[in-house]
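A.B. asks: Sharing data23.pdb, PDB, C-alpha atoms:
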ATOM      1  CA  MET C 120     -30.262 -50.451 -41.716
ATOM      2  CA  PRO C 121     -32.870 -48.082 -40.233
ATOM      3  CA  GLU C 122     -32.681 -47.584 -36.514
ATOM      4  CA  LEU C 123     -35.756 -47.172 -34.373
ATOM      5  CA  LEU C 124     -36.532 -44.282 -32.081
ATOM      6  CA  LEU C 125     -39.802 -45.009 -30.353
ATOM      7  CA  GLN C 126     -41.759 -42.419 -28.440
ATOM      8  CA  THR C 127     -44.849 -43.625 -26.636
ATOM      9  CA  GLU C 128     -47.616 -42.112 -24.608
ATOM     10  CA  ALA C 129     -49.341 -44.497 -22.218
ATOM     11  CA  LYS C 130     -52.986 -44.523 -21.191
ATOM     12  CA  GLU C 131     -52.263 -42.313 -18.187
ATOM     13  CA  GLY C 132     -50.631 -39.698 -20.384
ATOM     14  CA  ARG C 133     -47.048 -40.534 -19.465
ATOM     15  CA  ARG C 134     -44.518 -40.387 -22.263
ATOM     16  CA  ALA C 135     -41.517 -42.679 -22.553
ATOM     17  CA  SER C 136     -38.683 -42.662 -25.080
ATOM     18  CA  HIS C 137     -36.777 -45.695 -26.330
ATOM     19  CA  ARG C 138     -33.617 -44.507 -28.042
ATOM     20  CA  LEU C 139     -30.980 -46.275 -30.055
ATOM     21  CA  PRO C 140     -27.609 -44.916 -31.232
ATOM     22  CA  ALA C 141     -27.991 -42.301 -33.940
ATOM     23  CA  SER C 142     -26.209 -43.233 -37.149
ATOM     24  CA  GLY C 143     -27.532 -43.198 -40.690
ATOM     25  CA  ARG C 144     -31.254 -42.883 -41.196
ATOM     26  CA  CYS C 145     -33.667 -43.938 -38.495
ATOM     27  CA  CYS C 146     -37.308 -44.608 -37.891
ATOM     28  CA  ILE C 147     -39.549 -42.797 -35.461
ATOM     29  CA  LEU C 148     -42.574 -44.693 -34.246
ATOM     30  CA  CYS C 149     -45.057 -42.388 -32.530
ATOM     31  CA  HIS C 150     -47.534 -44.375 -30.496
ATOM     32  CA  THR C 151     -50.296 -43.073 -28.294
ATOM     33  CA  ALA C 152     -53.083 -45.071 -26.736
ATOM     34  CA  LEU C 153     -55.120 -44.278 -29.836
ATOM     35  CA  THR C 154     -52.977 -43.537 -32.839
ATOM     36  CA  HIS C 155     -49.718 -44.696 -34.384
ATOM     37  CA  TYR C 156     -47.394 -43.051 -36.883
ATOM     38  CA  LEU C 157     -44.080 -44.378 -38.100
ATOM     39  CA  PHE C 158     -41.628 -41.970 -39.715
ATOM     40  CA  VAL C 159     -38.404 -42.689 -41.571
ATOM     41  CA  VAL C 160     -36.232 -39.622 -41.002
ATOM     42  CA  SER C 161     -32.632 -38.555 -40.571
ATOM     43  CA  PRO C 162     -31.257 -38.568 -37.002
ATOM     44  CA  GLU C 163     -30.733 -34.802 -37.129
ATOM     45  CA  SER C 164     -34.419 -34.057 -37.699
ATOM     46  CA  ARG C 165     -36.091 -36.659 -35.492
ATOM     47  CA  GLU C 166     -36.719 -34.375 -32.492
ATOM     48  CA  LYS C 167     -38.226 -31.732 -34.756
ATOM     49  CA  VAL C 168     -40.465 -34.308 -36.398
ATOM     50  CA  LEU C 169     -41.648 -35.654 -33.051
ATOM     51  CA  ALA C 170     -42.520 -32.173 -31.843
ATOM     52  CA  SER C 171     -44.525 -31.370 -34.958
ATOM     53  CA  VAL C 172     -46.465 -34.599 -35.511
ATOM     54  CA  PHE C 173     -47.415 -35.762 -32.039
ATOM     55  CA  GLN C 174     -51.184 -35.452 -31.978
ATOM     56  CA  TYR C 175     -53.923 -35.497 -29.421
ATOM     57  CA  PRO C 176     -56.144 -38.521 -30.056
ATOM     58  CA  ARG C 177     -59.608 -37.966 -31.416
ATOM     59  CA  GLY C 178     -62.723 -39.243 -29.702
ATOM     60  CA  ASN C 179     -65.305 -38.576 -27.024
ATOM     61  CA  TYR C 180     -63.934 -37.777 -23.588
ATOM     62  CA  ARG C 181     -65.210 -37.340 -20.064
ATOM     63  CA  LEU C 182     -63.465 -35.970 -17.017
ATOM     64  CA  GLY C 183     -62.468 -38.820 -14.720
ATOM     65  CA  ASP C 184     -60.545 -39.408 -11.521
ATOM     66  CA  ARG C 185     -57.209 -37.634 -11.007
ATOM     67  CA  ASN C 186     -58.347 -34.965 -13.502
ATOM     68  CA  ALA C 187     -57.420 -37.251 -16.377
ATOM     69  CA  PHE C 188     -59.346 -37.514 -19.610
ATOM     70  CA  ILE C 189     -60.598 -41.026 -20.224
ATOM     71  CA  LEU C 190     -61.586 -42.095 -23.677
ATOM     72  CA  SER C 191     -65.010 -43.597 -24.230
ATOM     73  CA  ALA C 192     -63.694 -45.903 -26.934
ATOM     74  CA  LYS C 193     -65.629 -48.343 -29.054
ATOM     75  CA  GLU C 194     -64.885 -51.718 -27.511
ATOM     76  CA  ILE C 195     -63.560 -54.563 -29.631
ATOM     77  CA  ASP C 196     -63.730 -58.262 -28.742
ATOM     78  CA  VAL C 197     -61.255 -60.963 -29.681
ATOM     79  CA  LEU C 198     -62.864 -64.394 -29.458
ATOM     80  CA  TRP C 199     -60.592 -67.457 -29.449
ATOM     81  CA  THR C 200     -61.566 -71.091 -30.019
ATOM     82  CA  LEU C 201     -58.244 -72.625 -29.072
ATOM     83  CA  LYS C 202     -59.789 -75.159 -26.730
ATOM     84  CA  SER C 203     -62.460 -77.720 -27.629
ATOM     85  CA  GLY C 204     -64.221 -75.369 -30.023
ATOM     86  CA  ALA C 205     -65.652 -73.197 -27.262
ATOM     87  CA  SER C 206     -65.425 -69.439 -27.799
ATOM     88  CA  THR C 207     -63.682 -67.521 -25.058
ATOM     89  CA  GLU C 208     -62.695 -63.882 -24.769
ATOM     90  CA  SER C 209     -59.019 -63.042 -25.030
ATOM     91  CA  SER C 210     -58.627 -62.145 -21.366
ATOM     92  CA  ALA C 211     -59.986 -65.489 -20.179
ATOM     93  CA  ASP C 212     -57.116 -67.752 -21.278
ATOM     94  CA  GLU C 213     -53.458 -68.049 -20.333
ATOM     95  CA  PRO C 214     -51.006 -66.749 -22.982
ATOM     96  CA  PHE C 215     -50.298 -69.403 -25.600
ATOM     97  CA  VAL C 216     -47.026 -70.185 -27.353
ATOM     98  CA  CYS C 217     -46.605 -68.567 -30.767
ATOM     99  CA  SER C 218     -43.394 -68.823 -32.791
ATOM    100  CA  LYS C 219     -44.580 -67.131 -36.004
ATOM    101  CA  PHE C 220     -47.331 -64.541 -36.321
ATOM    102  CA  ILE C 221     -48.162 -63.413 -39.862
ATOM    103  CA  VAL C 222     -50.524 -60.454 -40.163
ATOM    104  CA  ALA C 223     -52.080 -59.428 -43.500
ATOM    105  CA  ILE C 224     -53.764 -56.019 -43.347
ATOM    106  CA  GLY C 225     -56.058 -54.951 -46.175
ATOM    107  CA  HIS C 226     -57.975 -56.830 -48.870
ATOM    108  CA  ASN C 227     -55.035 -57.430 -51.217
ATOM    109  CA  ALA C 228     -52.685 -58.654 -48.486
ATOM    110  CA  ALA C 229     -55.415 -60.930 -47.115
ATOM    111  CA  ALA C 230     -56.119 -62.253 -50.626
ATOM    112  CA  PHE C 231     -52.415 -63.021 -51.059
ATOM    113  CA  LEU C 232     -52.472 -65.290 -48.001
ATOM    114  CA  SER C 233     -55.718 -66.905 -49.142
ATOM    115  CA  SER C 234     -54.212 -67.658 -52.541
ATOM    116  CA  PHE C 235     -50.718 -68.835 -51.649
ATOM    117  CA  ILE C 236     -50.724 -69.920 -47.991
ATOM    118  CA  LEU C 237     -54.135 -70.739 -46.534
ATOM    119  CA  ASP C 238     -56.215 -73.839 -47.198
ATOM    120  CA  SER C 239     -58.900 -75.703 -45.274
ATOM    121  CA  VAL C 240     -56.768 -78.859 -44.906
ATOM    122  CA  CYS C 241     -53.663 -77.451 -43.218
ATOM    123  CA  TRP C 242     -55.178 -74.481 -41.378
ATOM    124  CA  GLU C 243     -58.041 -74.026 -38.935
ATOM    125  CA  VAL C 244     -59.854 -70.899 -37.765
ATOM    126  CA  VAL C 245     -59.084 -70.242 -34.092
ATOM    127  CA  GLY C 246     -60.180 -66.655 -33.538
ATOM    128  CA  VAL C 247     -62.193 -63.688 -34.736
ATOM    129  CA  VAL C 248     -62.264 -59.973 -33.940
ATOM    130  CA  LYS C 249     -65.618 -58.275 -33.457
ATOM    131  CA  LEU C 250     -65.562 -54.516 -33.886
ATOM    132  CA  TRP C 251     -67.510 -51.615 -35.303
ATOM    133  CA  ASN C 252     -66.622 -48.068 -36.261
ATOM    134  CA  GLU C 253     -67.625 -45.396 -38.749
ATOM    135  CA  TRP C 254     -66.198 -47.403 -41.660
ATOM    136  CA  CYS C 255     -67.054 -51.026 -41.017
ATOM    137  CA  ARG C 256     -68.667 -53.597 -38.765
ATOM    138  CA  THR C 257     -67.506 -57.176 -38.297
ATOM    139  CA  SER C 258     -69.184 -60.165 -36.669
ATOM    140  CA  ASN C 259     -68.081 -63.521 -35.269
ATOM    141  CA  THR C 260     -68.840 -65.377 -38.516
ATOM    142  CA  THR C 261     -65.995 -67.220 -40.254
ATOM    143  CA  ASN C 262     -67.782 -67.612 -43.606
ATOM    144  CA  VAL C 263     -66.608 -64.476 -45.380
ATOM    145  CA  LEU C 264     -66.154 -63.184 -48.925
ATOM    146  CA  PRO C 265     -63.022 -61.399 -50.181
ATOM    147  CA  THR C 266     -64.987 -58.142 -50.267
ATOM    148  CA  ASP C 267     -66.230 -58.473 -46.678
ATOM    149  CA  SER C 268     -64.733 -56.635 -43.728
ATOM    150  CA  PHE C 269     -63.349 -59.233 -41.328
ATOM    151  CA  CYS C 270     -60.492 -60.094 -39.016
ATOM    152  CA  LEU C 271     -59.824 -63.820 -38.597
ATOM    153  CA  PHE C 272     -57.046 -65.857 -36.990
ATOM    154  CA  TYR C 273     -55.827 -69.206 -38.308
ATOM    155  CA  ARG C 274     -53.558 -71.840 -36.785
ATOM    156  CA  LEU C 275     -51.371 -74.306 -38.675
ATOM    157  CA  ILE C 276     -52.634 -77.760 -37.714
ATOM    158  CA  SER C 277     -49.235 -79.454 -38.070
ATOM    159  CA  ASP C 278     -47.558 -76.743 -35.954
ATOM    160  CA  PRO C 279     -49.986 -74.967 -33.583
ATOM    161  CA  THR C 280     -47.358 -72.327 -32.753
ATOM    162  CA  VAL C 281     -47.762 -70.770 -36.222
ATOM    163  CA  LEU C 282     -50.563 -68.199 -36.273
ATOM    164  CA  LEU C 283     -51.892 -66.180 -39.177
ATOM    165  CA  CYS C 284     -54.232 -63.175 -39.202
ATOM    166  CA  GLN C 285     -56.261 -61.783 -42.074
ATOM    167  CA  CYS C 286     -57.480 -58.279 -41.223
ATOM    168  CA  SER C 287     -59.357 -56.712 -44.116
ATOM    169  CA  CYS C 288     -61.436 -54.450 -41.870
ATOM    170  CA  TYR C 289     -60.514 -50.908 -40.898
ATOM    171  CA  VAL C 290     -59.311 -50.629 -37.299
ATOM    172  CA  ALA C 291     -59.958 -47.049 -36.204
ATOM    173  CA  GLU C 292     -57.393 -44.948 -34.372
ATOM    174  CA  ASP C 293     -59.248 -45.294 -31.080
ATOM    175  CA  GLN C 294     -59.336 -49.097 -31.485
ATOM    176  CA  GLN C 295     -55.729 -49.859 -32.425
ATOM    177  CA  PHE C 296     -54.455 -49.916 -28.838
ATOM    178  CA  GLN C 297     -57.235 -52.360 -27.889
ATOM    179  CA  TRP C 298     -56.423 -54.560 -30.883
ATOM    180  CA  LEU C 299     -52.761 -54.743 -29.860
ATOM    181  CA  GLU C 300     -53.455 -55.435 -26.205
ATOM    182  CA  LYS C 301     -56.100 -58.077 -26.848
ATOM    183  CA  VAL C 302     -54.268 -59.901 -29.641
ATOM    184  CA  PHE C 303     -50.668 -59.797 -28.434
ATOM    185  CA  GLY C 304     -51.794 -60.061 -24.829
ATOM    186  CA  CYS C 305     -52.794 -63.658 -25.536
ATOM    187  CA  MET C 306     -49.339 -64.639 -26.806
ATOM    188  CA  ARG C 307     -46.085 -65.321 -25.052
ATOM    189  CA  LYS C 308     -43.477 -62.859 -26.227
ATOM    190  CA  GLU C 309     -40.587 -65.326 -25.968
ATOM    191  CA  ASP C 310     -39.338 -66.680 -29.336
ATOM    192  CA  LEU C 311     -42.075 -64.818 -31.202
ATOM    193  CA  GLN C 312     -41.441 -63.437 -34.694
ATOM    194  CA  VAL C 313     -43.915 -61.178 -36.498
ATOM    195  CA  THR C 314     -44.360 -60.503 -40.213
ATOM    196  CA  VAL C 315     -46.778 -57.793 -41.388
ATOM    197  CA  LEU C 316     -48.111 -57.368 -44.931
ATOM    198  CA  SER C 317     -50.017 -54.256 -45.993
ATOM    199  CA  THR C 318     -50.759 -52.019 -48.954
ATOM    200  CA  CYS C 319     -50.593 -48.264 -49.434
ATOM    201  CA  PRO C 320     -51.376 -45.837 -52.297
ATOM    202  CA  VAL C 321     -48.304 -45.142 -54.390
ATOM    203  CA  ALA C 322     -49.191 -41.444 -54.142
ATOM    204  CA  ASP C 323     -48.165 -41.631 -50.457
ATOM    205  CA  TYR C 324     -44.650 -42.736 -51.362
ATOM    206  CA  LYS C 325     -42.207 -39.869 -50.922
ATOM    207  CA  THR C 326     -39.322 -39.716 -53.372
ATOM    208  CA  GLN C 327     -37.428 -37.175 -55.443
ATOM    209  CA  GLU C 328     -38.596 -38.955 -58.571
ATOM    210  CA  SER C 329     -42.046 -38.573 -60.056
ATOM    211  CA  THR C 330     -44.415 -41.281 -58.824
ATOM    212  CA  LEU C 331     -45.670 -41.530 -62.412
ATOM    213  CA  THR C 332     -42.388 -43.158 -63.432
ATOM    214  CA  LEU C 333     -42.331 -45.708 -60.587
ATOM    215  CA  PRO C 334     -42.936 -49.346 -61.576
ATOM    216  CA  SER C 335     -46.074 -49.738 -59.472
ATOM    217  CA  PRO C 336     -46.751 -51.884 -57.543
ATOM    218  CA  PHE C 337     -43.533 -52.310 -55.564
ATOM    219  CA  LEU C 338     -42.508 -53.529 -52.107
ATOM    220  CA  LYS C 339     -40.645 -51.739 -49.322
ATOM    221  CA  ALA C 340     -39.626 -53.190 -45.957
ATOM    222  CA  LEU C 341     -39.185 -51.809 -42.456
ATOM    223  CA  LYS C 342     -37.973 -53.860 -39.502
ATOM    224  CA  THR C 343     -37.308 -53.658 -35.796
ATOM    225  CA  LYS C 344     -33.841 -53.773 -34.296
ATOM    226  CA  GLU C 345     -34.294 -57.410 -33.220
ATOM    227  CA  PHE C 346     -35.109 -58.669 -36.727
ATOM    228  CA  LYS C 347     -31.821 -60.141 -38.021
ATOM    229  CA  GLU C 348     -32.910 -61.983 -41.180
ATOM    230  CA  GLU C 349     -32.521 -60.735 -44.723
ATOM    231  CA  VAL C 350     -35.493 -58.835 -46.113
ATOM    232  CA  CYS C 351     -36.980 -59.649 -49.507
ATOM    233  CA  CYS C 352     -37.051 -56.102 -50.883
ATOM    234  CA  PRO C 353     -35.386 -52.698 -50.398
ATOM    235  CA  LEU C 354     -35.844 -50.902 -47.092
ATOM    236  CA  LEU C 355     -38.219 -47.946 -46.849
ATOM    237  CA  GLU C 356     -36.371 -44.658 -47.286
ATOM    238  CA  GLN C 357     -36.745 -41.355 -45.469
ATOM    239  CA  PRO C 358     -38.914 -39.333 -45.115
ATOM    240  CA  ASN C 359     -41.708 -41.865 -45.684
ATOM    241  CA  ILE C 360     -44.482 -42.557 -43.177
ATOM    242  CA  VAL C 361     -46.280 -45.761 -42.206
ATOM    243  CA  ARG C 362     -49.672 -45.267 -40.598
ATOM    244  CA  ASP C 363     -52.499 -47.030 -38.802
ATOM    245  CA  LEU C 364     -52.480 -50.699 -37.811
ATOM    246  CA  PRO C 365     -49.211 -51.665 -39.610
ATOM    247  CA  ALA C 366     -47.364 -48.924 -37.693
ATOM    248  CA  ALA C 367     -49.144 -49.946 -34.495
ATOM    249  CA  VAL C 368     -48.016 -53.569 -34.788
ATOM    250  CA  LEU C 369     -44.417 -52.639 -35.599
ATOM    251  CA  SER C 370     -44.218 -50.110 -32.761
ATOM    252  CA  TYR C 371     -45.615 -52.665 -30.305
ATOM    253  CA  CYS C 372     -42.974 -55.170 -31.400
ATOM    254  CA  GLN C 373     -40.211 -52.577 -30.999
ATOM    255  CA  VAL C 374     -41.294 -51.805 -27.415
ATOM    256  CA  TRP C 375     -41.474 -55.503 -26.491
ATOM    257  CA  GLN C 376     -38.245 -56.299 -28.383
ATOM    258  CA  ILE C 377     -39.993 -58.735 -30.707
ATOM    259  CA  PRO C 378     -38.325 -59.425 -34.087
ATOM    260  CA  ALA C 379     -40.705 -58.010 -36.674
ATOM    261  CA  VAL C 380     -40.704 -56.872 -40.287
ATOM    262  CA  LEU C 381     -43.263 -54.920 -42.276
ATOM    263  CA  TYR C 382     -43.622 -55.446 -46.027
ATOM    264  CA  GLN C 383     -45.617 -52.594 -47.521
ATOM    265  CA  CYS C 384     -46.819 -52.751 -51.106
ATOM    266  CA  TYR C 385     -47.240 -49.392 -52.819
ATOM    267  CA  THR C 386     -49.896 -49.651 -55.514
ATOM    268  CA  ASP C 387     -52.003 -47.387 -57.722
ATOM    269  CA  VAL C 388     -55.065 -49.675 -57.468
ATOM    270  CA  ILE C 389     -57.243 -49.457 -54.352
ATOM    271  CA  LYS C 390     -59.518 -52.434 -55.085
ATOM    272  CA  LEU C 391     -58.763 -56.170 -55.102
ATOM    273  CA  ASP C 392     -56.251 -56.540 -57.916
ATOM    274  CA  THR C 393     -54.218 -59.423 -59.379
ATOM    275  CA  VAL C 394     -51.071 -57.385 -59.992
ATOM    276  CA  THR C 395     -51.070 -55.983 -56.456
ATOM    277  CA  ILE C 396     -51.634 -59.423 -54.912
ATOM    278  CA  GLU C 397     -48.814 -60.964 -56.946
ATOM    279  CA  ALA C 398     -46.472 -58.139 -55.924
ATOM    280  CA  PHE C 399     -46.161 -59.974 -52.592
ATOM    281  CA  LYS C 400     -44.846 -63.146 -54.293
ATOM    282  CA  PRO C 401     -41.153 -62.431 -53.508
ATOM    283  CA  LEU C 402     -42.072 -63.045 -49.871
ATOM    284  CA  LEU C 403     -42.796 -66.702 -50.654
ATOM    285  CA  SER C 404     -39.040 -67.303 -50.626
ATOM    286  CA  SER C 405     -38.600 -65.738 -47.195
ATOM    287  CA  LYS C 406     -37.605 -67.955 -44.292
ATOM    288  CA  ILE C 407     -40.900 -67.503 -42.469
ATOM    289  CA  LEU C 408     -43.182 -68.209 -45.462
ATOM    290  CA  LYS C 409     -41.359 -70.649 -47.743
ATOM    291  CA  SER C 410     -42.296 -73.679 -45.617
ATOM    292  CA  LEU C 411     -45.977 -72.628 -45.684
ATOM    293  CA  VAL C 412     -46.443 -72.206 -49.453
ATOM    294  CA  LYS C 413     -49.008 -74.504 -51.014
ATOM    295  CA  ASP C 414     -49.193 -75.872 -54.556
ATOM    296  CA  VAL C 415     -48.704 -73.106 -57.127
ATOM    297  CA  SER C 416     -51.348 -74.417 -59.545
ATOM    298  CA  GLU C 417     -53.882 -74.520 -56.722
ATOM    299  CA  SER C 418     -52.887 -70.985 -55.741
ATOM    300  CA  THR C 419     -53.607 -69.706 -59.252
ATOM    301  CA  LYS C 420     -57.079 -71.257 -59.218
ATOM    302  CA  ILE C 421     -57.898 -69.728 -55.839
ATOM    303  CA  LEU C 422     -56.657 -66.320 -56.934
ATOM    304  CA  LYS C 423     -58.868 -66.396 -60.030
ATOM    305  CA  LYS C 424     -61.825 -67.469 -57.902
ATOM    306  CA  LEU C 425     -61.253 -64.600 -55.443
ATOM    307  CA  LEU C 426     -61.146 -62.045 -58.238
ATOM    308  CA  THR C 427     -64.212 -63.511 -59.958
ATOM    309  CA  THR C 428     -66.141 -63.309 -56.686
ATOM    310  CA  ASN C 429     -65.006 -59.722 -56.238
ATOM    311  CA  GLU C 430     -66.050 -58.706 -59.756
ATOM    312  CA  THR C 431     -69.466 -60.337 -59.340
ATOM    313  CA  HIS C 432     -69.986 -58.588 -56.016
ATOM    314  CA  ASN C 433     -69.093 -55.189 -57.521
ATOM    315  CA  ASN C 434     -71.372 -55.416 -60.550
ATOM    316  CA  ILE C 435     -73.923 -52.607 -60.777
ATOM    317  CA  TYR C 436     -77.073 -53.029 -62.834
ATOM    318  CA  ILE C 437     -78.927 -49.931 -64.048
TER     319      ILE C 437
END
Re-express the file's structure as structure tokens.
C.D. replies:
Amino acid sequence: MPELLLQTEAKEGRRASHRLPASGRCCILCHTALTHYLFVVSPESREKVLASVFQYPRGNYRLGDRNAFILSAKEIDVLWTLKSGASTESSADEPFVCSKFIVAIGHNAAAFLSSFILDSVCWEVVGVVKLWNEWCRTSNTTNVLPTDSFCLFYRLISDPTVLLCQCSCYVAEDQQFQWLEKVFGCMRKEDLQVTVLSTCPVADYKTQESTLTLPSPFLKALKTKEFKEEVCCPLLEQPNIVRDLPAAVLSYCQVWQIPAVLYQCYTDVIKLDTVTIEAFKPLLSSKILKSLVKDVSESTKILKKLLTTNETHNNIYI
């Protein structure tokens, strides 16, 4: 089982290390206020890796008090409608109880939840993230298409402690820390379990074999020390790297000692794709998802509808 060595740099520039006993392979989660990298390496090389990959965050800076550089970051807003339908910002409410938090990052992961988990009868929209960056802009609308950039939160009506997030938008490096603070800051950390789904190009998968011979798509898992359940696929091997929001969520959970697991699908298709979506199906038998699965025949219809909508949206007429 991979062990986690987490090195963090706080807003004020202070660095803290969270070490675990070194045996076997381990994971290094590098987390600054702006960027996150997660490395699977051998214990012998972890210090060397940390020294070579720790980066200064990108962005616009100004000189502030105490001679510290303060980032002029693009603000993001998390709007919750947990009470009487009225929208409130994340900082306005007391932390709510959450037992399961499922996060799907990317269009294919979000489409998987739409096809096999979500429906309008059992789930209700309770939150939305508003953000903009160089790659995308989201709004507070909840009527979205599979090809749209959005970040929505859903709550299971029969069990309000189960929360689900579909994040198909790109969260920039200088926005990831805000996303973590404003989303997880609204939840109580006690008895919380997090599951993350994401996709990654198969070309990024590091192995001694040729990636041309790999049976793409395929799943790999990475988990925090506190996650004790069985995973549904092989663990991610060294020296692979997990980047961006998936690494940010897992590193946050490691710091706060929250049981969490990341399921990353390596695929050779970057657009919305049936084969990539169905590569997540082994997760339907996992403890956290098996009680949430809806009717299979209905799931197939929704999946076909999502792909039809995507193909129509991408048509080009000359």
A.B. asks: Can you tell me which residues surround Val368 (chain C) at a distance of at most 9 Å, considering all atoms listed in the file, apart from same-chain residues fewer than 5 positions away, and format the answer as a PDB file with C-alpha atoms, in the coordinates of the input?
C.D. replies:
ATOM      1  CA  GLN C 295     -55.729 -49.859 -32.425  1.00  0.00           C
ATOM      2  CA  LEU C 299     -52.761 -54.743 -29.860  1.00  0.00           C
ATOM      3  CA  VAL C 313     -43.915 -61.178 -36.498  1.00  0.00           C
ATOM      4  CA  VAL C 315     -46.778 -57.793 -41.388  1.00  0.00           C
ATOM      5  CA  ASP C 363     -52.499 -47.030 -38.802  1.00  0.00           C
ATOM      6  CA  GLN C 373     -40.211 -52.577 -30.999  1.00  0.00           C
ATOM      7  CA  ALA C 379     -40.705 -58.010 -36.674  1.00  0.00           C
ATOM      8  CA  LEU C 381     -43.263 -54.920 -42.276  1.00  0.00           C
TER       9      LEU C 381
END
A.B. asks: Which residue gives the smallest distance to Ala291 (chain C) among C:Asp267, C:Asp392, C:Glu253, C:Glu328, with only C-alpha atoms counted?
C.D. replies: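 Among the listed residues, the smallest separation from Ala291 (chain C) belongs to C:Glu253.
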A.B. asks: When you draw a straight line from CA of Glu397 (chain C) to CA of Val263 (chain C), how long is it in Å?
C.D. replies: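 Here the two named atoms are 21.5 Å from each other.
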A.B. asks: Determine the nearest neighbour of Pro214 (chain C) from the options C:Pro401, C:Pro279, C:Gly304, C:Gly246, counting all atoms listed in the file.
C.D. replies: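 Ranking C:Pro401, C:Pro279, C:Gly304, C:Gly246 by distance to Pro214 (chain C), first place goes to C:Gly304.
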A.B. asks: What would the list of residues within 12 Å of (-46.5, -46.8, -44.3) (file frame) look like as a VMD selection string, if all atoms listed in the file are what count?
C.D. replies: chain C and resid 146 to 148 155 to 159 224 315 to 325 338 to 341 354 to 369 381 to 385
A.B. asks: Deliver the residues from the most recent selection as a file, using C-alpha atoms, as a tab-separated table (two decimals), in the frame of the given file.
C.D. replies:
chain	number	residue	atom	x	y	z
C	146	CYS	CA	-37.31	-44.61	-37.89
C	147	ILE	CA	-39.55	-42.80	-35.46
C	148	LEU	CA	-42.57	-44.69	-34.25
C	155	HIS	CA	-49.72	-44.70	-34.38
C	156	TYR	CA	-47.39	-43.05	-36.88
C	157	LEU	CA	-44.08	-44.38	-38.10
C	158	PHE	CA	-41.63	-41.97	-39.72
C	159	VAL	CA	-38.40	-42.69	-41.57
C	224	ILE	CA	-53.76	-56.02	-43.35
C	315	VAL	CA	-46.78	-57.79	-41.39
C	316	LEU	CA	-48.11	-57.37	-44.93
C	317	SER	CA	-50.02	-54.26	-45.99
C	318	THR	CA	-50.76	-52.02	-48.95
C	319	CYS	CA	-50.59	-48.26	-49.43
C	320	PRO	CA	-51.38	-45.84	-52.30
C	321	VAL	CA	-48.30	-45.14	-54.39
C	322	ALA	CA	-49.19	-41.44	-54.14
C	323	ASP	CA	-48.16	-41.63	-50.46
C	324	TYR	CA	-44.65	-42.74	-51.36
C	325	LYS	CA	-42.21	-39.87	-50.92
C	338	LEU	CA	-42.51	-53.53	-52.11
C	339	LYS	CA	-40.65	-51.74	-49.32
C	340	ALA	CA	-39.63	-53.19	-45.96
C	341	LEU	CA	-39.18	-51.81	-42.46
C	354	LEU	CA	-35.84	-50.90	-47.09
C	355	LEU	CA	-38.22	-47.95	-46.85
C	356	GLU	CA	-36.37	-44.66	-47.29
C	357	GLN	CA	-36.74	-41.36	-45.47
C	358	PRO	CA	-38.91	-39.33	-45.12
C	359	ASN	CA	-41.71	-41.86	-45.68
C	360	ILE	CA	-44.48	-42.56	-43.18
C	361	VAL	CA	-46.28	-45.76	-42.21
C	362	ARG	CA	-49.67	-45.27	-40.60
C	363	ASP	CA	-52.50	-47.03	-38.80
C	364	LEU	CA	-52.48	-50.70	-37.81
C	365	PRO	CA	-49.21	-51.66	-39.61
C	366	ALA	CA	-47.36	-48.92	-37.69
C	367	ALA	CA	-49.14	-49.95	-34.49
C	368	VAL	CA	-48.02	-53.57	-34.79
C	369	LEU	CA	-44.42	-52.64	-35.60
C	381	LEU	CA	-43.26	-54.92	-42.28
C	382	TYR	CA	-43.62	-55.45	-46.03
C	383	GLN	CA	-45.62	-52.59	-47.52
C	384	CYS	CA	-46.82	-52.75	-51.11
C	385	TYR	CA	-47.24	-49.39	-52.82
A.B. asks: Select, from C:Trp254, C:Phe303, C:Phe296, C:Tyr273, the residue with the minimum atom-to-atom distance to Cys241 (chain C), counting all atoms listed in the file.
C.D. replies: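 Ranking C:Trp254, C:Phe303, C:Phe296, C:Tyr273 by distance to Cys241 (chain C), first place goes to C:Tyr273.
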A.B. asks: Determine the nearest neighbour of Thr280 (chain C) from the options C:Leu232, C:Val247, C:Leu237, C:Leu201, counting all atoms listed in the file.
C.D. replies: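 Comparing C:Leu232, C:Val247, C:Leu237, C:Leu201 against Thr280 (chain C), the winner is C:Leu201.
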